[in-house]
file start-v2.pdb (PDB, C-alpha atoms and all ligand atoms)
ATOM      1  CA  MET Y   6     -57.012 -82.340 114.579
ATOM      2  CA  ASP Y   7     -56.951 -86.080 113.928
ATOM      3  CA  LEU Y   8     -54.371 -86.470 111.179
ATOM      4  CA  LEU Y   9     -54.701 -90.216 110.858
ATOM      5  CA  HIS Y  10     -58.461 -89.927 110.546
ATOM      6  CA  ASN Y  11     -58.032 -87.372 107.759
ATOM      7  CA  LEU Y  12     -55.574 -89.602 105.901
ATOM      8  CA  GLN Y  13     -57.720 -92.709 106.279
ATOM      9  CA  ASN Y  14     -60.743 -90.792 105.140
ATOM     10  CA  ILE Y  15     -59.022 -89.969 101.867
ATOM     11  CA  GLN Y  16     -57.595 -93.485 101.550
ATOM     12  CA  SER Y  17     -61.018 -95.048 101.875
ATOM     13  CA  ASN Y  18     -62.331 -92.896  99.048
ATOM     14  CA  ILE Y  19     -59.673 -93.641  96.451
ATOM     15  CA  PRO Y  20     -58.534 -96.798  94.636
ATOM     16  CA  GLU Y  21     -55.763 -98.798  96.281
ATOM     17  CA  HIS Y  22     -53.273 -98.294  93.462
ATOM     18  CA  VAL Y  23     -53.223 -94.526  94.050
ATOM     19  CA  GLU Y  24     -50.433 -93.454  96.367
ATOM     20  CA  ILE Y  25     -50.891 -90.521  98.738
ATOM     21  CA  VAL Y  26     -47.940 -88.223  99.308
ATOM     22  CA  ALA Y  27     -48.716 -86.373 102.542
ATOM     23  CA  VAL Y  28     -47.600 -82.798 101.868
ATOM     24  CA  SER Y  29     -46.185 -81.679 105.209
ATOM     25  CA  LYS Y  30     -44.670 -78.349 104.114
ATOM     26  CA  THR Y  31     -44.818 -75.645 106.814
ATOM     27  CA  LYS Y  32     -45.988 -78.274 109.351
ATOM     28  CA  PRO Y  33     -44.004 -79.384 112.412
ATOM     29  CA  VAL Y  34     -42.101 -82.690 112.652
ATOM     30  CA  SER Y  35     -44.447 -83.822 115.422
ATOM     31  CA  MET Y  36     -47.274 -84.050 112.894
ATOM     32  CA  ILE Y  37     -45.152 -86.089 110.496
ATOM     33  CA  GLN Y  38     -44.073 -88.366 113.333
ATOM     34  CA  GLU Y  39     -47.725 -88.972 114.205
ATOM     35  CA  LEU Y  40     -48.520 -90.291 110.715
ATOM     36  CA  TYR Y  41     -45.218 -92.151 110.578
ATOM     37  CA  ASP Y  42     -46.135 -93.980 113.786
ATOM     38  CA  ALA Y  43     -49.392 -95.011 112.130
ATOM     39  CA  GLY Y  44     -47.408 -96.507 109.235
ATOM     40  CA  HIS Y  45     -47.361 -93.746 106.620
ATOM     41  CA  ARG Y  46     -44.020 -93.242 104.848
ATOM     42  CA  ALA Y  47     -44.463 -90.856 101.893
ATOM     43  CA  PHE Y  48     -44.113 -87.156 102.749
ATOM     44  CA  GLY Y  49     -43.734 -84.149 100.465
ATOM     45  CA  GLU Y  50     -41.906 -80.860 101.016
ATOM     46  CA  ASN Y  51     -41.290 -77.960  98.652
ATOM     47  CA  LYS Y  52     -38.257 -76.265 100.188
ATOM     48  CA  VAL Y  53     -34.781 -77.775 100.335
ATOM     49  CA  GLN Y  54     -33.987 -76.252 103.699
ATOM     50  CA  ASP Y  55     -37.114 -77.712 105.312
ATOM     51  CA  LEU Y  56     -36.447 -81.097 103.724
ATOM     52  CA  ILE Y  57     -32.978 -81.272 105.212
ATOM     53  CA  SER Y  58     -34.071 -80.120 108.626
ATOM     54  CA  LYS Y  59     -36.955 -82.603 108.768
ATOM     55  CA  TYR Y  60     -34.843 -85.419 107.319
ATOM     56  CA  GLU Y  61     -32.354 -84.918 110.139
ATOM     57  CA  GLN Y  62     -35.008 -84.993 112.852
ATOM     58  CA  LEU Y  63     -37.154 -87.878 111.644
ATOM     59  CA  PRO Y  64     -36.761 -91.642 111.042
ATOM     60  CA  GLU Y  65     -34.414 -92.755 108.279
ATOM     61  CA  ASP Y  66     -36.943 -94.762 106.297
ATOM     62  CA  ILE Y  67     -39.285 -91.898 105.467
ATOM     63  CA  GLN Y  68     -39.695 -91.520 101.709
ATOM     64  CA  TRP Y  69     -39.071 -87.826 101.092
ATOM     65  CA  HIS Y  70     -40.681 -86.340  97.992
ATOM     66  CA  MET Y  71     -39.406 -83.000  96.712
ATOM     67  CA  ILE Y  72     -42.529 -81.514  95.145
ATOM     68  CA  GLY Y  73     -41.477 -77.881  94.693
ATOM     69  CA  HIS Y  74     -39.385 -76.070  92.133
ATOM     70  CA  LEU Y  75     -35.770 -77.117  92.637
ATOM     71  CA  GLN Y  76     -32.774 -74.891  91.983
ATOM     72  CA  SER Y  77     -29.707 -76.600  90.500
ATOM     73  CA  ASN Y  78     -27.361 -75.265  93.167
ATOM     74  CA  LYS Y  79     -29.386 -76.951  95.923
ATOM     75  CA  VAL Y  80     -29.561 -80.451  94.464
ATOM     76  CA  LYS Y  81     -26.416 -81.510  96.311
ATOM     77  CA  TYR Y  82     -28.074 -81.083  99.693
ATOM     78  CA  ILE Y  83     -30.889 -83.543  99.029
ATOM     79  CA  ALA Y  84     -29.110 -85.960  96.659
ATOM     80  CA  PRO Y  85     -27.993 -88.340  99.454
ATOM     81  CA  PHE Y  86     -31.508 -89.159 100.622
ATOM     82  CA  ILE Y  87     -34.267 -87.852  98.340
ATOM     83  CA  TYR Y  88     -36.789 -90.531  97.317
ATOM     84  CA  LEU Y  89     -38.476 -88.846  94.359
ATOM     85  CA  ILE Y  90     -38.056 -85.423  92.732
ATOM     86  CA  HIS Y  91     -41.417 -84.386  91.236
ATOM     87  CA  ALA Y  92     -40.700 -81.107  89.538
ATOM     88  CA  VAL Y  93     -37.822 -81.524  87.090
ATOM     89  CA  ASP Y  94     -38.345 -78.821  84.511
ATOM     90  CA  SER Y  95     -35.105 -78.560  82.514
ATOM     91  CA  LEU Y  96     -32.340 -80.688  81.037
ATOM     92  CA  LYS Y  97     -29.865 -78.556  82.956
ATOM     93  CA  LEU Y  98     -31.456 -79.531  86.264
ATOM     94  CA  LEU Y  99     -31.582 -83.167  85.230
ATOM     95  CA  LYS Y 100     -27.868 -83.112  84.444
ATOM     96  CA  VAL Y 101     -27.089 -81.696  87.881
ATOM     97  CA  ILE Y 102     -29.272 -84.319  89.564
ATOM     98  CA  ASN Y 103     -27.422 -86.978  87.563
ATOM     99  CA  LYS Y 104     -24.031 -85.660  88.654
ATOM    100  CA  GLU Y 105     -24.986 -85.431  92.330
ATOM    101  CA  ALA Y 106     -26.604 -88.879  92.227
ATOM    102  CA  GLU Y 107     -23.390 -90.302  90.822
ATOM    103  CA  LYS Y 108     -21.372 -88.696  93.633
ATOM    104  CA  ASN Y 109     -23.650 -90.481  96.080
ATOM    105  CA  SER Y 110     -23.526 -93.773  94.159
ATOM    106  CA  ARG Y 111     -27.270 -93.671  93.622
ATOM    107  CA  VAL Y 112     -29.826 -93.530  90.891
ATOM    108  CA  ILE Y 113     -32.344 -90.804  91.695
ATOM    109  CA  ASP Y 114     -35.956 -91.227  90.608
ATOM    110  CA  CYS Y 115     -37.450 -88.150  88.962
ATOM    111  CA  LEU Y 116     -40.688 -86.957  87.426
ATOM    112  CA  LEU Y 117     -40.761 -84.433  84.622
ATOM    113  CA  GLN Y 118     -43.115 -81.583  85.407
ATOM    114  CA  VAL Y 119     -45.345 -80.661  82.509
ATOM    115  CA  TYR Y 120     -46.986 -77.283  82.219
ATOM    116  CA  ILE Y 121     -50.683 -77.987  81.675
ATOM    117  CA  ALA Y 122     -52.385 -74.997  83.297
ATOM    118  CA  SER Y 123     -53.390 -71.757  81.678
ATOM    119  CA  GLU Y 124     -51.910 -69.596  84.421
ATOM    120  CA  THR Y 125     -48.670 -67.752  84.067
ATOM    121  CA  ALA Y 126     -45.827 -68.205  86.541
ATOM    122  CA  LYS Y 127     -46.150 -71.950  86.834
ATOM    123  CA  PHE Y 128     -43.169 -74.205  86.300
ATOM    124  CA  GLY Y 129     -42.747 -77.135  83.967
ATOM    125  CA  PHE Y 130     -41.881 -78.154  80.423
ATOM    126  CA  ASP Y 131     -44.225 -77.034  77.761
ATOM    127  CA  VAL Y 132     -45.388 -79.964  75.711
ATOM    128  CA  ASP Y 133     -43.312 -79.265  72.591
ATOM    129  CA  ASP Y 134     -40.126 -78.843  74.623
ATOM    130  CA  LEU Y 135     -40.860 -82.055  76.477
ATOM    131  CA  PHE Y 136     -41.164 -84.050  73.266
ATOM    132  CA  SER Y 137     -38.063 -82.530  71.752
ATOM    133  CA  LEU Y 138     -36.084 -83.362  74.896
ATOM    134  CA  LEU Y 139     -37.370 -86.930  74.803
ATOM    135  CA  GLY Y 140     -36.533 -87.182  71.122
ATOM    136  CA  SER Y 141     -33.019 -85.812  71.593
ATOM    137  CA  GLY Y 142     -31.598 -88.897  73.308
ATOM    138  CA  GLU Y 143     -29.994 -86.654  75.946
ATOM    139  CA  ILE Y 144     -31.690 -88.413  78.839
ATOM    140  CA  SER Y 145     -30.243 -91.795  77.921
ATOM    141  CA  LYS Y 146     -26.765 -90.388  78.646
ATOM    142  CA  LEU Y 147     -27.740 -89.697  82.251
ATOM    143  CA  GLU Y 148     -27.214 -93.057  83.885
ATOM    144  CA  ASN Y 149     -27.854 -91.927  87.455
ATOM    145  CA  VAL Y 150     -31.354 -90.623  86.927
ATOM    146  CA  ASN Y 151     -34.455 -92.657  86.288
ATOM    147  CA  ILE Y 152     -37.466 -90.889  84.814
ATOM    148  CA  GLN Y 153     -40.359 -92.561  86.584
ATOM    149  CA  GLY Y 154     -43.189 -90.434  85.319
ATOM    150  CA  LEU Y 155     -44.798 -87.053  84.927
ATOM    151  CA  MET Y 156     -46.164 -84.439  87.304
ATOM    152  CA  GLY Y 157     -48.605 -81.640  86.600
ATOM    153  CA  MET Y 158     -50.731 -79.036  88.310
ATOM    154  CA  ALA Y 159     -54.075 -77.871  86.999
ATOM    155  CA  THR Y 160     -55.178 -74.259  86.936
ATOM    156  CA  TYR Y 161     -56.420 -73.027  90.306
ATOM    157  CA  THR Y 162     -60.082 -72.550  89.413
ATOM    158  CA  LYS Y 163     -63.599 -73.597  90.375
ATOM    159  CA  ASP Y 164     -64.220 -74.624  86.764
ATOM    160  CA  ILE Y 165     -64.243 -78.413  87.052
ATOM    161  CA  ASN Y 166     -64.360 -78.924  83.296
ATOM    162  CA  LYS Y 167     -61.226 -76.910  82.850
ATOM    163  CA  ILE Y 168     -59.377 -78.930  85.492
ATOM    164  CA  LYS Y 169     -60.657 -82.143  83.914
ATOM    165  CA  THR Y 170     -59.453 -81.096  80.465
ATOM    166  CA  GLU Y 171     -55.982 -80.245  81.778
ATOM    167  CA  PHE Y 172     -55.577 -83.562  83.618
ATOM    168  CA  LYS Y 173     -56.926 -85.459  80.597
ATOM    169  CA  ASN Y 174     -54.307 -83.729  78.494
ATOM    170  CA  LEU Y 175     -51.485 -84.782  80.824
ATOM    171  CA  LYS Y 176     -52.724 -88.361  80.880
ATOM    172  CA  ARG Y 177     -52.725 -88.382  77.072
ATOM    173  CA  ILE Y 178     -49.129 -87.111  77.008
ATOM    174  CA  PHE Y 179     -48.170 -89.760  79.578
ATOM    175  CA  GLU Y 180     -49.642 -92.578  77.477
ATOM    176  CA  ASN Y 181     -48.115 -91.200  74.315
ATOM    177  CA  ILE Y 182     -44.622 -91.180  75.823
ATOM    178  CA  LYS Y 183     -45.113 -94.638  77.314
ATOM    179  CA  GLU Y 184     -46.004 -96.041  73.914
ATOM    180  CA  ASN Y 185     -43.237 -94.383  71.942
ATOM    181  CA  ASN Y 186     -40.316 -94.191  74.323
ATOM    182  CA  THR Y 187     -37.235 -96.339  73.716
ATOM    183  CA  ASP Y 188     -34.949 -94.619  76.219
ATOM    184  CA  LEU Y 189     -33.551 -97.071  78.748
ATOM    185  CA  ASN Y 190     -33.706 -94.778  81.738
ATOM    186  CA  ILE Y 191     -37.256 -93.623  81.141
ATOM    187  CA  HIS Y 192     -39.830 -95.935  82.713
ATOM    188  CA  LEU Y 193     -43.093 -94.106  82.953
ATOM    189  CA  SER Y 194     -45.186 -95.574  85.723
ATOM    190  CA  ILE Y 195     -46.055 -92.629  87.962
ATOM    191  CA  LEU Y 196     -48.542 -89.937  87.038
ATOM    192  CA  SER Y 197     -48.444 -87.395  89.876
ATOM    193  CA  MET Y 198     -51.452 -85.127  89.617
ATOM    194  CA  GLY Y 199     -54.049 -83.911  92.071
ATOM    195  CA  MET Y 200     -53.961 -82.068  95.381
ATOM    196  CA  SER Y 201     -56.501 -81.366  98.137
ATOM    197  CA  SER Y 202     -58.906 -79.431  95.954
ATOM    198  CA  ASP Y 203     -58.796 -81.555  92.808
ATOM    199  CA  TYR Y 204     -57.525 -85.047  93.642
ATOM    200  CA  SER Y 205     -60.835 -86.791  92.870
ATOM    201  CA  ILE Y 206     -60.887 -85.320  89.378
ATOM    202  CA  ALA Y 207     -57.220 -86.195  88.915
ATOM    203  CA  ILE Y 208     -57.813 -89.828  89.861
ATOM    204  CA  GLU Y 209     -60.798 -90.047  87.523
ATOM    205  CA  GLU Y 210     -58.486 -88.852  84.775
ATOM    206  CA  GLY Y 211     -55.785 -91.426  85.521
ATOM    207  CA  SER Y 212     -53.580 -90.118  88.320
ATOM    208  CA  ASN Y 213     -51.868 -92.766  90.459
ATOM    209  CA  MET Y 214     -50.101 -90.404  92.871
ATOM    210  CA  VAL Y 215     -51.786 -87.517  94.667
ATOM    211  CA  ARG Y 216     -50.022 -84.826  96.697
ATOM    212  CA  ILE Y 217     -52.277 -83.860  99.580
ATOM    213  CA  GLY Y 218     -51.495 -81.245 102.197
ATOM    214  CA  SER Y 219     -54.268 -79.202 103.732
ATOM    215  CA  LEU Y 220     -56.879 -81.974 103.711
ATOM    216  CA  ILE Y 221     -54.603 -83.975 106.001
ATOM    217  CA  PHE Y 222     -52.722 -81.346 108.011
ATOM    218  CA  GLY Y 223     -55.185 -78.465 107.951
ATOM    219  CA  PRO Y 224     -54.823 -75.057 106.306
ATOM    220  CA  ARG Y 225     -51.416 -73.380 105.939
ATOM    221  CA  ASN Y 226     -50.375 -69.799 106.293
ATOM    222  CA  PHE Y 227     -50.777 -68.971 102.596
ATOM    223  CA  THR Y 228     -47.812 -66.637 102.221
ATOM    224  CA  ASN Y 229     -45.531 -69.426 103.336
ATOM    225  CA  SER Y 230     -46.954 -72.272 101.333
ATOM    226  CA  TYR Y 231     -46.026 -71.992  97.680
ATOM    227  CA  GLY Y 232     -43.042 -70.816  95.709
ATOM    228  CA  ASN Y 233     -39.411 -71.690  95.347
ATOM    229  CA  ASP Y 234     -37.208 -73.727  97.593
TER     230      ASP Y 234
HETATM  231  C1  LIG Y 301     -48.521 -77.444  98.461
HETATM  232  C2  LIG Y 301     -48.527 -78.370  97.305
HETATM  233  C3  LIG Y 301     -49.435 -79.445  97.244
HETATM  234  C4  LIG Y 301     -50.488 -79.716  98.294
HETATM  235  O1  LIG Y 301     -51.424 -78.693  98.359
HETATM  236  P1  LIG Y 301     -52.809 -78.852  99.161
HETATM  237  O2  LIG Y 301     -53.731 -77.986  98.424
HETATM  238  O3  LIG Y 301     -52.548 -78.415 100.540
HETATM  239  O4  LIG Y 301     -53.192 -80.297  99.099
HETATM  240  C5  LIG Y 301     -49.354 -80.290  96.158
HETATM  241  N1  LIG Y 301     -48.444 -80.100  95.181
HETATM  242  C6  LIG Y 301     -47.559 -79.091  95.204
HETATM  243  C7  LIG Y 301     -46.586 -78.954  94.103
HETATM  244  C8  LIG Y 301     -47.573 -78.191  96.259
HETATM  245  O5  LIG Y 301     -46.696 -77.179  96.275
END
call {"tool": "encode", "arguments": {"input": "start-v2.pdb", "output": "structure tokens"}}
result
Amino acid sequence: MDLLHNLQNIQSNIPEHVEIVAVSKTKPVSMIQELYDAGHRAFGENKVQDLISKYEQLPEDIQWHMIGHLQSNKVKYIAPFIYLIHAVDSLKLLKVINKEAEKNSRVIDCLLQVYIASETAKFGFDVDDLFSLLGSGEISKLENVNIQGLMGMATYTKDINKIKTEFKNLKRIFENIKENNTDLNIHLSILSMGMSSDYSIAIEEGSNMVRIGSLIFGPRNFTNSYGND
């Protein structure tokens, strides 16, 4: 499997301003090293334990993206080095990230995950809760986190119109917050939506960061690929 070819293939089909996070979960460090050697830096993992293990084995300047659901009690393990946390889904978690960032004398960049799909058992803020959190002023008290944007996952379906509608909805929320926000540590610039099966639709609807795993690294053992950290 030619990983670099796969990555370049995707790169040549998307606009330059869209960043690709190579989702390396369940894949060996040798594969990550191969893309690193070709110049790629952004990699995504969804389990804290795997993140730490890969961080320790690979070059220091890799930008590690935590894309999975994150439990508060595990934040401390990734706080020293994490580049971007995609799936913040509660104020409680954000407060813990803030505290651990402060301990490490850092500001940690985060995305708020918004629940846009119609499936059950997906994580993220529902839209009303998101707006009430933003309106509460609570985030402005957290000086060691920086809200860089939003992340969302569409329903897993073959219905392209449904996926389109869900991404359109997230883009609308993103623009709405950008226009109305006055919070100093919220700077919405990243809209993380789209994965292997739906990244083209996501980009059409305004995504500027796509999280792509299987199209680059090949299929995963399904039972080991989703879920909690
Ligand atoms: C696994 C995963 C991806 C990548 O999935 P592919 O379909 O392999 O591209 C993207 N985002 C999240 C949150 C994931 O867990």
call {"tool": "resolve_selection", "arguments": {"input": "start-v2.pdb", "expression": "the PyMOL selection byres (((not hetatm)) within 7 of (chain Y and resi 301))", "output": "VMD selection string"}}
result
chain Y and resid 28 30 51 72 to 73 200 to 202 216 to 220 230 to 231
call {"tool": "residues_around", "arguments": {"input": "start-v2.pdb", "residues": "Gly199 (chain Y)", "least_positions_apart": "3", "cutoff": "9 Å", "atoms": "all atoms listed in the file", "output": "ChimeraX atom specification"}}
result
/Y:157-159,172,202-208,212,214-217
call {"tool": "resolve_selection", "arguments": {"input": "start-v2.pdb", "expression": "the PyMOL selection byres (((chain Y and resi 101) around 12) and not hetatm)", "output": "JSON, numbers by chain"}}
result
{"Y": [75, 76, 77, 78, 79, 80, 81, 82, 83, 84, 93, 95, 96, 97, 98, 99, 100, 102, 103, 104, 105, 106, 107, 108, 113, 147, 149, 150]}
call {"tool": "atom_distance", "arguments": {"input": "start-v2.pdb", "atom1": "CA of Ala92 (chain Y)", "atom2": "CA of His70 (chain Y)"}}
result
9.9 Å
call {"tool": "resolve_selection", "arguments": {"input": "start-v2.pdb", "expression": "the PyMOL selection byres (((chain Y and resi 117) around 10) and not hetatm)", "output": "list in words"}}
result
Ile90, His91, Ala92, Val93, Asp94, Ser95, Leu96, Leu99, Cys115, Leu116, Gln118, Val119, Tyr120, Gly129, Phe130, Leu135, Ile152, Gln153, Gly154, Leu155, Met156, Gly157, Leu196 and Ser197 of chain Y
call {"tool": "atom_distance", "arguments": {"input": "start-v2.pdb", "atom1": "CA of Gln68 (chain Y)", "atom2": "CA of Leu175 (chain Y)"}}
result
24.9 Å
call {"tool": "atom_distance", "arguments": {"input": "start-v2.pdb", "atom1": "CA of Leu9 (chain Y)", "atom2": "CA of Tyr161 (chain Y)"}}
result
26.8 Å
call {"tool": "closest_residue", "arguments": {"input": "start-v2.pdb", "among": "Y:Thr31, Y:Thr170, Y:Asn186, Y:Thr162", "to": "Leu56 (chain Y)", "atoms": "all atoms listed in the file"}}
result
Y:Thr31
call {"tool": "closest_residue", "arguments": {"input": "start-v2.pdb", "among": "Y:Glu171, Y:Asp114, Y:Glu180, Y:Asp133", "to": "Glu148 (chain Y)", "atoms": "all atoms listed in the file"}}
result
Y:Asp114
call {"tool": "closest_residue", "arguments": {"input": "start-v2.pdb", "among": "Y:Ile67, Y:Phe86, Y:Lys173, Y:Ile195", "to": "Ala122 (chain Y)", "atoms": "all atoms listed in the file"}}
result
Y:Lys173
call {"tool": "closest_residue", "arguments": {"input": "start-v2.pdb", "among": "Y:Asp188, Y:Asp42, Y:Glu65, Y:Glu50", "to": "Leu139 (chain Y)", "atoms": "all atoms listed in the file"}}
result
Y:Asp188
call {"tool": "closest_residue", "arguments": {"input": "start-v2.pdb", "among": "Y:Gln54, Y:Asn226, Y:Leu189, Y:Met198", "to": "Asn213 (chain Y)", "atoms": "all atoms listed in the file"}}
result
Y:Met198
call {"tool": "residues_around", "arguments": {"input": "start-v2.pdb", "residues": "His10 (chain Y)", "least_positions_apart": "2", "cutoff": "12 Å", "atoms": "all atoms listed in the file", "output": "ChimeraX atom specification"}}
result
/Y:6-8,12-17,39-40,43,220-222
call {"tool": "closest_residue", "arguments": {"input": "start-v2.pdb", "among": "Y:Ile57, Y:Lys52, Y:Asn174, Y:Met36", "to": "Ile121 (chain Y)", "atoms": "all atoms listed in the file"}}
result
Y:Asn174
call {"tool": "build_atoms", "arguments": {"input": "start-v2.pdb", "residues": "region 81-102 of chain Y", "atoms": "N, CA, C and O atoms", "output": "mmCIF file, keeping the file's coordinate frame"}}
result
data_model
loop_
_atom_site.group_PDB
_atom_site.id
_atom_site.type_symbol
_atom_site.label_atom_id
_atom_site.label_comp_id
_atom_site.auth_asym_id
_atom_site.auth_seq_id
_atom_site.Cartn_x
_atom_site.Cartn_y
_atom_site.Cartn_z
ATOM 1 N N LYS Y 81 -27.406 -80.752 95.535
ATOM 2 C CA LYS Y 81 -26.416 -81.510 96.311
ATOM 3 C C LYS Y 81 -26.852 -81.783 97.752
ATOM 4 O O LYS Y 81 -26.463 -82.787 98.335
ATOM 5 N N TYR Y 82 -27.670 -80.909 98.303
ATOM 6 C CA TYR Y 82 -28.074 -81.083 99.693
ATOM 7 C C TYR Y 82 -29.072 -82.231 99.881
ATOM 8 O O TYR Y 82 -29.156 -82.822 100.952
ATOM 9 N N ILE Y 83 -29.866 -82.498 98.861
ATOM 10 C CA ILE Y 83 -30.889 -83.543 99.029
ATOM 11 C C ILE Y 83 -30.519 -84.851 98.314
ATOM 12 O O ILE Y 83 -31.146 -85.883 98.538
ATOM 13 N N ALA Y 84 -29.479 -84.784 97.463
ATOM 14 C CA ALA Y 84 -29.110 -85.960 96.659
ATOM 15 C C ALA Y 84 -28.823 -87.229 97.489
ATOM 16 O O ALA Y 84 -29.115 -88.329 97.031
ATOM 17 N N PRO Y 85 -28.279 -87.110 98.706
ATOM 18 C CA PRO Y 85 -27.993 -88.340 99.454
ATOM 19 C C PRO Y 85 -29.240 -89.117 99.871
ATOM 20 O O PRO Y 85 -29.150 -90.315 100.101
ATOM 21 N N PHE Y 86 -30.375 -88.452 100.006
ATOM 22 C CA PHE Y 86 -31.508 -89.159 100.622
ATOM 23 C C PHE Y 86 -32.840 -89.008 99.895
ATOM 24 O O PHE Y 86 -33.795 -89.702 100.233
ATOM 25 N N ILE Y 87 -32.941 -88.128 98.911
ATOM 26 C CA ILE Y 87 -34.267 -87.852 98.340
ATOM 27 C C ILE Y 87 -34.851 -89.106 97.678
ATOM 28 O O ILE Y 87 -34.131 -89.864 97.030
ATOM 29 N N TYR Y 88 -36.134 -89.318 97.832
ATOM 30 C CA TYR Y 88 -36.789 -90.531 97.317
ATOM 31 C C TYR Y 88 -37.309 -90.311 95.907
ATOM 32 O O TYR Y 88 -37.149 -91.144 95.029
ATOM 33 N N LEU Y 89 -37.944 -89.154 95.685
ATOM 34 C CA LEU Y 89 -38.476 -88.846 94.359
ATOM 35 C C LEU Y 89 -38.527 -87.328 94.178
ATOM 36 O O LEU Y 89 -39.026 -86.621 95.050
ATOM 37 N N ILE Y 90 -37.993 -86.851 93.055
ATOM 38 C CA ILE Y 90 -38.056 -85.423 92.732
ATOM 39 C C ILE Y 90 -39.172 -85.232 91.705
ATOM 40 O O ILE Y 90 -39.109 -85.764 90.597
ATOM 41 N N HIS Y 91 -40.220 -84.487 92.083
ATOM 42 C CA HIS Y 91 -41.417 -84.386 91.236
ATOM 43 C C HIS Y 91 -41.338 -83.323 90.156
ATOM 44 O O HIS Y 91 -42.108 -83.364 89.211
ATOM 45 N N ALA Y 92 -40.523 -82.302 90.357
ATOM 46 C CA ALA Y 92 -40.700 -81.107 89.538
ATOM 47 C C ALA Y 92 -39.485 -80.778 88.676
ATOM 48 O O ALA Y 92 -39.046 -79.640 88.595
ATOM 49 N N VAL Y 93 -38.954 -81.786 87.983
ATOM 50 C CA VAL Y 93 -37.822 -81.524 87.090
ATOM 51 C C VAL Y 93 -38.346 -80.798 85.857
ATOM 52 O O VAL Y 93 -39.273 -81.277 85.196
ATOM 53 N N ASP Y 94 -37.773 -79.633 85.593
ATOM 54 C CA ASP Y 94 -38.345 -78.821 84.511
ATOM 55 C C ASP Y 94 -37.305 -78.330 83.510
ATOM 56 O O ASP Y 94 -37.581 -77.444 82.708
ATOM 57 N N SER Y 95 -36.090 -78.904 83.545
ATOM 58 C CA SER Y 95 -35.105 -78.560 82.514
ATOM 59 C C SER Y 95 -34.059 -79.662 82.406
ATOM 60 O O SER Y 95 -33.830 -80.413 83.365
ATOM 61 N N LEU Y 96 -33.435 -79.728 81.229
ATOM 62 C CA LEU Y 96 -32.340 -80.688 81.037
ATOM 63 C C LEU Y 96 -31.163 -80.324 81.931
ATOM 64 O O LEU Y 96 -30.481 -81.190 82.470
ATOM 65 N N LYS Y 97 -30.962 -79.021 82.104
ATOM 66 C CA LYS Y 97 -29.865 -78.556 82.956
ATOM 67 C C LYS Y 97 -30.011 -79.113 84.376
ATOM 68 O O LYS Y 97 -29.050 -79.629 84.958
ATOM 69 N N LEU Y 98 -31.206 -79.017 84.917
ATOM 70 C CA LEU Y 98 -31.456 -79.531 86.264
ATOM 71 C C LEU Y 98 -31.249 -81.046 86.303
ATOM 72 O O LEU Y 98 -30.641 -81.581 87.237
ATOM 73 N N LEU Y 99 -31.720 -81.715 85.283
ATOM 74 C CA LEU Y 99 -31.582 -83.167 85.230
ATOM 75 C C LEU Y 99 -30.108 -83.588 85.209
ATOM 76 O O LEU Y 99 -29.725 -84.570 85.853
ATOM 77 N N LYS Y 100 -29.300 -82.809 84.498
ATOM 78 C CA LYS Y 100 -27.868 -83.112 84.444
ATOM 79 C C LYS Y 100 -27.217 -82.948 85.814
ATOM 80 O O LYS Y 100 -26.342 -83.710 86.198
ATOM 81 N N VAL Y 101 -27.636 -81.912 86.539
ATOM 82 C CA VAL Y 101 -27.089 -81.696 87.881
ATOM 83 C C VAL Y 101 -27.524 -82.824 88.819
ATOM 84 O O VAL Y 101 -26.720 -83.349 89.602
ATOM 85 N N ILE Y 102 -28.783 -83.212 88.727
ATOM 86 C CA ILE Y 102 -29.272 -84.319 89.564
ATOM 87 C C ILE Y 102 -28.455 -85.579 89.264
ATOM 88 O O ILE Y 102 -28.028 -86.308 90.161
#
